[in-house]
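File shown: data.cif (mmCIF, C-alpha atoms and all ligand atoms).
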```
data_work
#
loop_
_atom_site.label_atom_id
_atom_site.label_comp_id
_atom_site.auth_asym_id
_atom_site.auth_seq_id
_atom_site.Cartn_x
_atom_site.Cartn_y
_atom_site.Cartn_z
CA MET A 20 -9.74 -7.37 55.79
CA ARG A 21 -8.67 -4.62 53.45
CA ASN A 22 -9.34 -5.29 49.80
CA TRP A 23 -7.07 -4.04 47.06
CA GLY A 24 -8.19 -0.55 46.11
CA ASP A 25 -9.71 0.21 49.51
CA GLU A 26 -8.92 3.60 50.95
CA LEU A 27 -6.32 3.84 53.71
CA GLU A 28 -7.14 5.46 57.00
CA THR A 29 -5.22 8.74 57.13
CA LYS A 30 -4.03 10.00 60.49
CA VAL A 31 -3.43 13.75 60.71
CA VAL A 32 -1.21 14.91 63.57
CA GLU A 33 -0.45 18.51 64.51
CA ILE A 34 3.20 19.11 65.30
CA ASN A 35 4.80 22.34 66.50
CA SER A 36 7.02 23.71 63.72
CA ASN A 37 9.24 25.70 66.06
CA ASN A 38 9.74 22.96 68.61
CA PRO A 39 8.64 19.62 67.11
CA GLU A 40 7.47 16.98 69.59
CA GLU A 41 9.93 14.11 69.13
CA ASP A 42 7.47 11.34 70.03
CA LEU A 43 5.05 12.50 67.33
CA ILE A 44 7.72 12.72 64.65
CA LYS A 45 8.93 9.25 65.67
CA GLU A 46 5.51 7.90 64.80
CA ALA A 47 5.84 9.47 61.32
CA ALA A 48 9.43 8.21 60.97
CA GLU A 49 8.23 4.67 61.66
CA PHE A 50 5.93 4.89 58.65
CA ILE A 51 8.90 6.02 56.51
CA ILE A 52 11.03 3.12 57.85
CA LYS A 53 8.19 0.66 57.10
CA GLY A 54 8.07 1.85 53.48
CA GLU A 55 4.91 3.96 53.83
CA LEU A 56 4.23 7.56 52.77
CA VAL A 57 4.08 10.60 55.05
CA GLY A 58 2.88 14.11 54.16
CA PHE A 59 5.05 16.68 55.96
CA PRO A 60 5.83 20.39 55.87
CA THR A 61 9.05 21.86 54.51
CA GLU A 62 9.96 25.54 54.23
CA THR A 63 8.95 25.46 50.53
CA VAL A 64 5.72 23.41 50.22
CA TYR A 65 4.40 20.21 51.84
CA GLY A 66 6.24 17.07 50.72
CA LEU A 67 5.02 13.54 50.13
CA GLY A 68 7.83 11.59 51.75
CA ALA A 69 9.10 8.03 51.39
CA ASN A 70 12.34 6.18 52.07
CA GLY A 71 14.37 7.28 49.04
CA LEU A 72 16.31 4.00 48.94
CA ASP A 73 13.26 1.73 48.94
CA GLU A 74 11.97 1.01 45.42
CA LYS A 75 8.57 -0.18 46.64
CA ALA A 76 8.03 2.94 48.75
CA ILE A 77 9.09 5.18 45.86
CA LYS A 78 6.51 3.50 43.60
CA LYS A 79 3.82 4.45 46.12
CA ILE A 80 4.70 8.14 45.65
CA PHE A 81 4.12 7.95 41.90
CA LYS A 82 0.85 6.09 42.46
CA ALA A 83 -0.53 8.43 45.16
CA LYS A 84 0.24 11.54 43.09
CA GLY A 85 -0.55 10.10 39.68
CA ARG A 86 2.93 11.35 38.74
CA PRO A 87 4.48 10.41 35.38
CA GLN A 88 7.30 7.86 35.88
CA ASP A 89 9.76 9.95 33.88
CA ASN A 90 9.59 12.87 36.34
CA PRO A 91 12.47 12.34 38.81
CA LEU A 92 12.23 12.97 42.55
CA ILE A 93 14.27 15.12 44.92
CA LEU A 94 16.06 13.42 47.84
CA HIS A 95 16.11 15.30 51.14
CA VAL A 96 19.06 14.89 53.52
CA ASN A 97 19.92 16.24 56.95
CA SER A 98 23.72 15.89 56.87
CA ILE A 99 26.71 15.99 54.55
CA GLU A 100 27.45 12.34 55.44
CA MET A 101 24.03 11.33 54.15
CA LEU A 102 24.68 13.36 50.97
CA GLU A 103 28.11 11.79 50.41
CA ALA A 104 26.65 8.29 50.19
CA LEU A 105 24.27 9.37 47.43
CA VAL A 106 26.70 11.11 45.06
CA GLU A 107 29.88 10.36 43.09
CA GLU A 108 31.52 13.68 43.85
CA ILE A 109 30.86 17.11 45.32
CA SER A 110 32.34 19.96 43.25
CA ASP A 111 33.77 23.19 44.67
CA LYS A 112 30.79 25.06 43.24
CA ALA A 113 28.43 22.71 45.03
CA TYR A 114 30.27 23.20 48.33
CA LYS A 115 30.04 26.98 47.89
CA CYS A 116 26.28 26.82 47.29
CA MET A 117 25.70 24.35 50.11
CA GLU A 118 27.64 26.54 52.51
CA LYS A 119 25.60 29.59 51.59
CA PHE A 120 22.10 28.16 51.00
CA TRP A 121 21.80 24.89 52.97
CA PRO A 122 19.75 24.12 54.84
CA GLY A 123 17.26 25.89 52.58
CA PRO A 124 15.24 25.93 49.35
CA LEU A 125 18.05 25.02 46.92
CA THR A 126 18.14 21.64 45.18
CA ILE A 127 21.44 20.72 43.54
CA LEU A 128 22.04 18.09 40.84
CA PHE A 129 24.93 15.70 41.48
CA LYS A 130 26.28 12.66 39.65
CA LYS A 131 24.45 9.85 41.42
CA SER A 132 26.10 6.99 43.30
CA SER A 133 25.08 3.38 42.69
CA ILE A 134 22.87 3.20 45.78
CA VAL A 135 20.36 5.69 44.34
CA PRO A 136 17.49 3.75 42.74
CA ASP A 137 16.70 4.43 39.07
CA SER A 138 13.10 5.17 40.00
CA ILE A 139 14.34 8.27 41.90
CA THR A 140 16.25 9.69 38.93
CA ALA A 141 13.97 8.39 36.17
CA GLY A 142 17.03 6.68 34.73
CA LEU A 143 19.18 9.86 34.60
CA ASP A 144 22.76 9.69 35.89
CA THR A 145 22.19 12.78 38.05
CA VAL A 146 20.33 12.95 41.33
CA ALA A 147 18.61 16.05 42.75
CA ILE A 148 19.30 16.63 46.46
CA ARG A 149 18.52 19.29 49.02
CA MET A 150 18.79 19.86 52.75
CA PRO A 151 15.57 21.49 53.96
CA SER A 152 15.63 24.00 56.81
CA HIS A 153 12.19 23.19 58.26
CA LYS A 154 12.63 21.68 61.73
CA ILE A 155 9.94 19.03 61.19
CA ALA A 156 11.50 17.94 57.89
CA LEU A 157 14.98 17.72 59.43
CA GLU A 158 13.68 15.76 62.42
CA LEU A 159 11.78 13.35 60.17
CA ILE A 160 14.95 12.63 58.18
CA ARG A 161 17.03 12.27 61.35
CA LEU A 162 14.63 9.93 63.11
CA SER A 163 14.05 7.72 60.07
CA ASN A 164 17.77 7.94 59.24
CA LYS A 165 16.99 7.68 55.51
CA PRO A 166 17.25 10.15 52.65
CA ILE A 167 13.62 11.08 52.08
CA ALA A 168 12.27 11.29 48.54
CA ALA A 169 9.62 13.97 48.58
CA PRO A 170 7.85 15.65 45.70
CA SER A 171 5.13 18.14 46.55
CA ALA A 172 2.23 16.38 48.30
CA ASN A 173 -0.43 17.27 45.73
CA THR A 174 -2.13 15.28 43.03
CA SER A 175 0.01 15.74 39.90
CA GLY A 176 -1.05 18.80 37.93
CA LYS A 177 -2.69 20.58 40.86
CA PRO A 178 -1.24 23.55 42.79
CA SER A 179 1.37 22.52 45.35
CA PRO A 180 0.17 22.30 48.96
CA THR A 181 1.22 25.05 51.34
CA ARG A 182 -1.10 24.02 54.20
CA ALA A 183 -1.95 20.62 55.71
CA GLU A 184 -5.56 21.06 54.58
CA HIS A 185 -4.35 21.07 50.95
CA VAL A 186 -2.54 17.76 51.56
CA ILE A 187 -5.64 16.31 53.21
CA GLU A 188 -7.71 17.39 50.22
CA ASP A 189 -5.44 15.56 47.77
CA MET A 190 -4.06 12.64 49.81
CA GLN A 191 -6.73 11.59 52.29
CA GLY A 192 -7.36 7.86 51.90
CA LYS A 193 -4.17 7.41 49.90
CA ILE A 194 -1.49 7.78 52.59
CA PRO A 195 -1.46 6.72 56.26
CA PHE A 196 0.03 9.81 57.93
CA ILE A 197 0.01 13.59 57.48
CA ILE A 198 1.91 16.01 59.70
CA ASP A 199 0.14 19.34 60.14
CA GLY A 200 2.88 21.89 60.82
CA GLY A 201 0.91 24.96 59.75
CA GLU A 202 1.58 27.10 56.70
CA THR A 203 4.85 26.65 54.82
CA GLY A 204 7.21 29.63 54.59
CA VAL A 205 8.40 30.27 51.03
CA GLY A 206 5.26 28.83 49.44
CA LEU A 207 6.97 27.87 46.16
CA GLU A 208 9.14 24.84 45.45
CA SER A 209 12.92 24.84 45.72
CA THR A 210 15.21 26.20 43.03
CA VAL A 211 16.70 23.32 40.98
CA LEU A 212 20.34 24.09 40.09
CA ASP A 213 22.41 22.05 37.65
CA LEU A 214 26.13 22.26 38.47
CA THR A 215 27.17 19.30 36.34
CA ASP A 216 28.16 21.48 33.31
CA ASP A 217 30.67 24.36 33.14
CA ILE A 218 28.05 27.07 33.51
CA PRO A 219 25.64 26.70 36.44
CA MET A 220 22.06 26.54 35.19
CA ILE A 221 18.73 27.01 36.93
CA LEU A 222 16.35 24.28 35.76
CA ARG A 223 13.51 25.51 37.96
CA PRO A 224 13.40 28.95 39.62
CA GLY A 225 12.39 28.94 43.27
CA GLY A 226 13.13 30.15 46.78
CA ILE A 227 16.82 30.85 46.08
CA THR A 228 17.01 33.39 43.28
CA LEU A 229 19.19 33.73 40.19
CA GLU A 230 20.62 36.87 41.77
CA ASP A 231 21.47 34.91 44.95
CA ILE A 232 23.35 32.26 42.96
CA ILE A 233 25.23 34.77 40.81
CA GLY A 234 26.25 36.43 44.08
CA VAL A 235 27.98 33.21 45.13
CA LEU A 236 29.20 31.64 41.87
CA GLY A 237 29.73 34.77 39.75
CA GLN A 238 27.60 33.42 36.90
CA CYS A 239 24.46 31.40 36.34
CA GLY A 240 22.10 30.80 33.43
CA ILE A 241 18.46 29.85 33.11
CA ASP A 242 17.44 26.76 31.15
CA PRO A 243 15.94 27.96 27.83
CA GLY A 244 13.15 25.43 28.28
CA LEU A 245 11.76 27.70 31.01
CA GLU A 246 10.84 30.51 28.61
CA ASP A 247 7.12 31.21 28.28
CA ASN A 248 5.17 29.69 25.48
CA ILE A 249 8.13 28.14 23.71
CA ASN A 250 6.99 24.68 22.84
CA ASN A 251 9.87 23.40 20.77
CA ILE A 252 12.49 23.37 23.54
CA ILE A 253 12.36 20.45 25.93
CA PRO A 254 13.45 21.61 29.39
CA LYS A 255 16.35 19.76 31.02
CA SER A 256 14.27 19.30 34.15
CA PRO A 257 11.71 16.67 33.12
CA GLY A 258 9.08 18.04 35.51
CA GLN A 259 8.93 21.35 33.67
CA LYS A 260 7.35 19.86 30.59
CA TYR A 261 4.16 18.87 32.40
CA ARG A 262 1.04 20.88 33.06
CA HIS A 263 1.38 21.99 36.64
CA TYR A 264 -0.17 24.00 39.45
CA ALA A 265 -3.33 24.28 37.40
CA PRO A 266 -6.73 25.40 38.70
CA LYS A 267 -9.95 23.91 37.35
CA ALA A 268 -10.86 27.37 36.11
CA GLN A 269 -9.41 28.93 33.00
CA MET A 270 -6.66 31.34 34.02
CA TYR A 271 -5.04 34.40 32.44
CA VAL A 272 -2.06 36.39 33.73
CA PHE A 273 -1.45 40.03 32.75
CA SER A 274 1.97 41.65 32.57
CA GLY A 275 3.03 45.17 31.68
CA ASP A 276 2.19 48.74 32.64
CA MET A 277 0.07 48.62 35.80
CA ASP A 278 -2.73 50.86 34.50
CA ASN A 279 -3.01 48.75 31.36
CA VAL A 280 -3.02 45.57 33.44
CA ASN A 281 -5.82 46.83 35.69
CA ARG A 282 -7.84 48.10 32.71
CA GLU A 283 -7.49 44.78 30.86
CA ILE A 284 -8.44 42.70 33.90
CA LEU A 285 -11.49 44.87 34.57
CA LYS A 286 -12.59 44.80 30.94
CA ARG A 287 -12.35 41.01 30.72
CA ALA A 288 -14.01 40.56 34.10
CA ILE A 289 -17.00 42.65 33.03
CA VAL A 290 -17.33 40.81 29.71
CA ALA A 291 -17.07 37.39 31.39
CA ARG A 292 -19.65 38.32 34.02
CA SER A 293 -22.04 39.57 31.38
CA ARG A 294 -21.80 36.09 29.86
CA GLY A 295 -22.79 34.56 33.17
CA GLN A 296 -19.29 33.40 34.12
CA ARG A 297 -18.07 33.53 37.71
CA VAL A 298 -14.83 35.54 37.85
CA GLY A 299 -12.04 35.46 40.44
CA ILE A 300 -9.37 38.16 40.44
CA MET A 301 -5.90 37.83 41.96
CA THR A 302 -4.30 41.21 42.51
CA THR A 303 -2.08 43.18 44.88
CA THR A 304 -3.09 45.30 47.86
CA GLU A 305 -2.39 48.46 45.86
CA ASN A 306 -4.84 47.50 43.11
CA GLN A 307 -7.67 45.86 45.03
CA GLU A 308 -9.91 48.94 44.94
CA GLN A 309 -10.18 48.67 41.17
CA PHE A 310 -12.18 45.46 41.49
CA LEU A 311 -14.46 45.98 44.48
CA ASP A 312 -17.36 44.59 42.53
CA PHE A 313 -15.68 41.18 41.99
CA ASP A 314 -14.43 38.19 43.91
CA VAL A 315 -10.93 39.48 44.71
CA GLU A 316 -8.08 37.63 46.37
CA ILE A 317 -5.18 39.78 47.56
CA MET A 318 -1.77 38.24 46.90
CA GLY A 319 0.03 40.86 49.04
CA SER A 320 1.69 44.19 48.42
CA SER A 321 3.45 44.52 45.06
CA LYS A 322 6.45 45.70 47.11
CA ASP A 323 6.50 42.40 49.03
CA ILE A 324 7.26 39.66 46.54
CA GLU A 325 7.90 37.05 49.28
CA THR A 326 4.34 37.41 50.57
CA ILE A 327 2.97 37.04 47.04
CA ALA A 328 4.96 33.79 46.66
CA HIS A 329 3.75 32.59 50.06
CA ASN A 330 0.07 33.13 49.16
CA LEU A 331 0.07 32.10 45.51
CA PHE A 332 -0.90 28.41 45.57
CA HIS A 333 -3.35 28.85 48.42
CA LEU A 334 -5.25 31.53 46.51
CA ILE A 335 -5.42 29.45 43.34
CA ARG A 336 -6.87 26.57 45.39
CA LYS A 337 -9.23 28.96 47.19
CA LEU A 338 -10.67 30.28 43.92
CA ASP A 339 -11.11 26.71 42.73
CA GLU A 340 -13.10 25.97 45.87
CA LYS A 341 -15.30 28.96 45.09
CA ASN A 342 -15.92 27.31 41.72
CA VAL A 343 -15.03 30.33 39.64
CA ASP A 344 -14.97 29.79 35.87
CA LEU A 345 -12.25 32.32 35.14
CA ILE A 346 -9.22 33.55 37.10
CA LEU A 347 -7.64 36.87 36.07
CA CYS A 348 -4.30 37.43 37.76
CA GLN A 349 -1.88 40.35 37.90
CA GLY A 350 1.68 39.37 36.94
CA VAL A 351 4.86 40.51 38.69
CA GLU A 352 8.32 41.68 37.60
CA ARG A 353 10.59 38.78 36.71
CA ASP A 354 13.43 39.61 39.04
CA ASN A 355 14.37 37.93 42.33
CA MET A 356 11.44 35.75 43.53
CA GLY A 357 9.34 37.23 40.73
CA LEU A 358 10.99 34.84 38.27
CA ALA A 359 9.72 31.82 40.20
CA ILE A 360 6.27 33.37 40.64
CA MET A 361 5.94 34.02 36.90
CA ASN A 362 7.19 30.48 36.14
CA ARG A 363 4.39 29.04 38.31
CA LEU A 364 1.80 31.44 36.88
CA ASN A 365 2.85 30.54 33.35
CA LYS A 366 2.30 26.85 34.14
CA ALA A 367 -0.89 27.41 36.13
CA SER A 368 -2.42 29.37 33.27
CA GLY A 369 -1.27 26.93 30.60
CA GLY A 370 0.92 29.67 29.06
CA ASN A 371 -1.86 32.29 29.03
CA ILE A 372 0.36 35.26 29.85
CA ILE A 373 -0.88 38.41 28.15
CA TYR A 374 1.41 41.40 27.72
CA VAL A 375 -0.45 44.71 27.78
P1 LIG A 401 8.79 18.21 42.69
O1 LIG A 401 9.42 17.17 43.52
O2 LIG A 401 7.40 17.92 42.27
O3 LIG A 401 8.97 19.55 43.29
O4 LIG A 401 9.65 18.23 41.35
C1 LIG A 401 11.03 18.01 41.34
C2 LIG A 401 11.66 18.75 40.18
O5 LIG A 401 13.05 18.46 40.14
C3 LIG A 401 11.06 18.33 38.85
O6 LIG A 401 10.88 19.46 38.02
C4 LIG A 401 12.11 17.40 38.31
O7 LIG A 401 12.10 17.34 36.91
C5 LIG A 401 13.41 18.03 38.84
N1 LIG A 401 14.48 17.02 38.92
C6 LIG A 401 14.60 16.05 39.83
N2 LIG A 401 15.68 15.28 39.57
C7 LIG A 401 16.25 15.79 38.45
C8 LIG A 401 17.38 15.44 37.65
N3 LIG A 401 18.15 14.41 37.98
N4 LIG A 401 17.65 16.18 36.55
C9 LIG A 401 16.87 17.23 36.23
N5 LIG A 401 15.79 17.62 36.94
C10 LIG A 401 15.47 16.91 38.04
MG MG A 402 5.52 19.20 42.43
#
```
Can you present the structure in this file as structure tokens?
Ligand code: AMP
Ligand code: MG
Amino acid sequence: MRNWGDELETKVVEINSNNPEEDLIKEAAEFIIKGELVGFPTETVYGLGANGLDEKAIKKIFKAKGRPQDNPLILHVNSIEMLEALVEEISDKAYKCMEKFWPGPLTILFKKSSIVPDSITAGLDTVAIRMPSHKIALELIRLSNKPIAAPSANTSGKPSPTRAEHVIEDMQGKIPFIIDGGETGVGLESTVLDLTDDIPMILRPGGITLEDIIGVLGQCGIDPGLEDNINNIIPKSPGQKYRHYAPKAQMYVFSGDMDNVNREILKRAIVARSRGQRVGIMTTTENQEQFLDFDVEIMGSSKDIETIAHNLFHLIRKLDEKNVDLILCQGVERDNMGLAIMNRLNKASGGNIIYV
């Protein structure tokens, strides 16, 4: 007999991302149908999935993650028919974005229909929906035939999982089933786009960039609540107000002229080491030679922003595993995917972005 509070047995099953084995995904879908949670890969990060129309199952997500109740969830769909049941209307702008970016890492806010539970939207009258492009995610939605509510499958506050091992680390004993589909592609969460006002607004930067959206809609703004270190503006996306993606170590991010950035990182690393602190450095391929003497993690080439995004959360977790006391990280330009990377680094470092 299982007592209340006992750990669940967690089954981890490897599934081929390019050609998912249907019988294995069926097993996962049955957990979703039964109202249980499943960890699964998407093209952004791993999701912690539940039947998005089942209040009891949704509660389990908040419990497993330790997620604040006022942080709404994204629903994942695999068809326009499934979307239509969840929303009041689909605007022309939404159709344009869906045509261009779905399936893919763009979440759109819609006016919610009455079948969407309040626990999904945290009481808001809008619901966030996306159609993922990952084959395993699409198959899981198809075989369970439910919109799947899925925040990132990490403990709230920690870096989002981009590999099954990250999900196992955070969710083992809390959920019955994890699909291991290898590393996720983008490595950062989806872009959250609000199309419910006149001017389209990005509430969270992500895999689809501001430039991409302007290319389709002609204009798009960024929620002022996303600015660094501005504490008096409450972001429209409730999730943005929480500490997020954070390592155990103290973290600083350095932006500006590359020579100054390298000099500042080196100077601080030397000082910290002389105080007996263990230092981890996150830098680009081009700059690694500056820090040969330290524990360096290479994010990728500074010319390859997608690779930096892909590696970001894994490297933060890796340095945590090495038990470093201090992480010193090179920043990136805030254009294209760089905007999302700097948003995550700002959160991960608790706003410790230093301009040099
Ligand atoms: P996660 O699922 O952890 O990637 O986080 C989902 C993000 O979407 C959070 O930042 C939420 O605040 C945001 N979000 C979800 N639903 C809404 C909504 N109805 N209005 C504004 N932001 C939302
Ligand atoms: Mg998350």
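The closest residue to A:Asn97, picked from A:Lys79, A:His153, A:Arg294, A:Arg182 and counting all atoms listed in the file, is A:His153.
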Write out, as CSV, each residue of chain A that has an atom at most 10 Å from ligand MG 402 (chain A), together with the closest pair of atoms and their distance in Å to one decimal, counting only C-alpha atoms and all ligand atoms, rows going by chain and rising number.
```
residue,atom,partner,partner_atom,distance
A:Val64,CA,A:MG402,MG,8.9
A:Tyr65,CA,A:MG402,MG,9.5
A:Gly66,CA,A:MG402,MG,8.6
A:Leu67,CA,A:MG402,MG,9.6
A:Lys84,CA,A:MG402,MG,9.3
A:Arg86,CA,A:MG402,MG,9.1
A:Asn90,CA,A:MG402,MG,9.7
A:Leu92,CA,A:MG402,MG,9.2
A:Ile93,CA,A:MG402,MG,10.0
A:Ala169,CA,A:MG402,MG,9.1
A:Pro170,CA,A:MG402,MG,5.4
A:Ser171,CA,A:MG402,MG,4.3
A:Ala172,CA,A:MG402,MG,7.3
A:Asn173,CA,A:MG402,MG,7.1
A:Thr174,CA,A:MG402,MG,8.6
A:Ser175,CA,A:MG402,MG,7.0
A:Gly176,CA,A:MG402,MG,8.0
A:Lys177,CA,A:MG402,MG,8.5
A:Pro178,CA,A:MG402,MG,8.0
A:Ser179,CA,A:MG402,MG,6.1
A:Pro180,CA,A:MG402,MG,9.0
A:Leu207,CA,A:MG402,MG,9.5
A:Glu208,CA,A:MG402,MG,7.4
A:Ser209,CA,A:MG402,MG,9.9
A:Gly258,CA,A:MG402,MG,7.9
A:Gln259,CA,A:MG402,MG,9.6
A:His263,CA,A:MG402,MG,7.6
A:Tyr264,CA,A:MG402,MG,8.0
```
Next item on the list: Calculate how many Å separate atom CA of A:Asp213 from atom CA of A:Asp137, rounding to one decimal.
Entry: 18.6 Å
Notebook entry, point to check: Nearest to ligand LIG 401 (chain A) among A:Arg149, A:Arg223, A:Arg297, A:His95, with distances taken over all atoms listed in the file: which residue is it?
Noted result: A:Arg223
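Shortest atom-to-atom contact with A:Glu202 among A:Lys366, A:Arg353, A:His185, A:Arg161: A:His185, counting only C-alpha atoms.
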Check: Which residues come within 12 Å of A:Ile160, counting only C-alpha atoms, excluding same-chain residues fewer than 2 positions away, as a VMD selection string?
Finding: chain A and resid 44 to 45 47 to 52 57 59 61 68 to 71 94 to 98 101 149 to 158 162 to 169
Selection from above, C-alpha atoms, as a CSV table (one decimal), keeping the file's coordinate frame, can you write it?
```
chain,number,residue,atom,x,y,z
A,44,ILE,CA,7.7,12.7,64.6
A,45,LYS,CA,8.9,9.2,65.7
A,47,ALA,CA,5.8,9.5,61.3
A,48,ALA,CA,9.4,8.2,61.0
A,49,GLU,CA,8.2,4.7,61.7
A,50,PHE,CA,5.9,4.9,58.6
A,51,ILE,CA,8.9,6.0,56.5
A,52,ILE,CA,11.0,3.1,57.8
A,57,VAL,CA,4.1,10.6,55.0
A,59,PHE,CA,5.0,16.7,56.0
A,61,THR,CA,9.0,21.9,54.5
A,68,GLY,CA,7.8,11.6,51.8
A,69,ALA,CA,9.1,8.0,51.4
A,70,ASN,CA,12.3,6.2,52.1
A,71,GLY,CA,14.4,7.3,49.0
A,94,LEU,CA,16.1,13.4,47.8
A,95,HIS,CA,16.1,15.3,51.1
A,96,VAL,CA,19.1,14.9,53.5
A,97,ASN,CA,19.9,16.2,57.0
A,98,SER,CA,23.7,15.9,56.9
A,101,MET,CA,24.0,11.3,54.2
A,149,ARG,CA,18.5,19.3,49.0
A,150,MET,CA,18.8,19.9,52.8
A,151,PRO,CA,15.6,21.5,54.0
A,152,SER,CA,15.6,24.0,56.8
A,153,HIS,CA,12.2,23.2,58.3
A,154,LYS,CA,12.6,21.7,61.7
A,155,ILE,CA,9.9,19.0,61.2
A,156,ALA,CA,11.5,17.9,57.9
A,157,LEU,CA,15.0,17.7,59.4
A,158,GLU,CA,13.7,15.8,62.4
A,162,LEU,CA,14.6,9.9,63.1
A,163,SER,CA,14.0,7.7,60.1
A,164,ASN,CA,17.8,7.9,59.2
A,165,LYS,CA,17.0,7.7,55.5
A,166,PRO,CA,17.2,10.2,52.6
A,167,ILE,CA,13.6,11.1,52.1
A,168,ALA,CA,12.3,11.3,48.5
A,169,ALA,CA,9.6,14.0,48.6
```
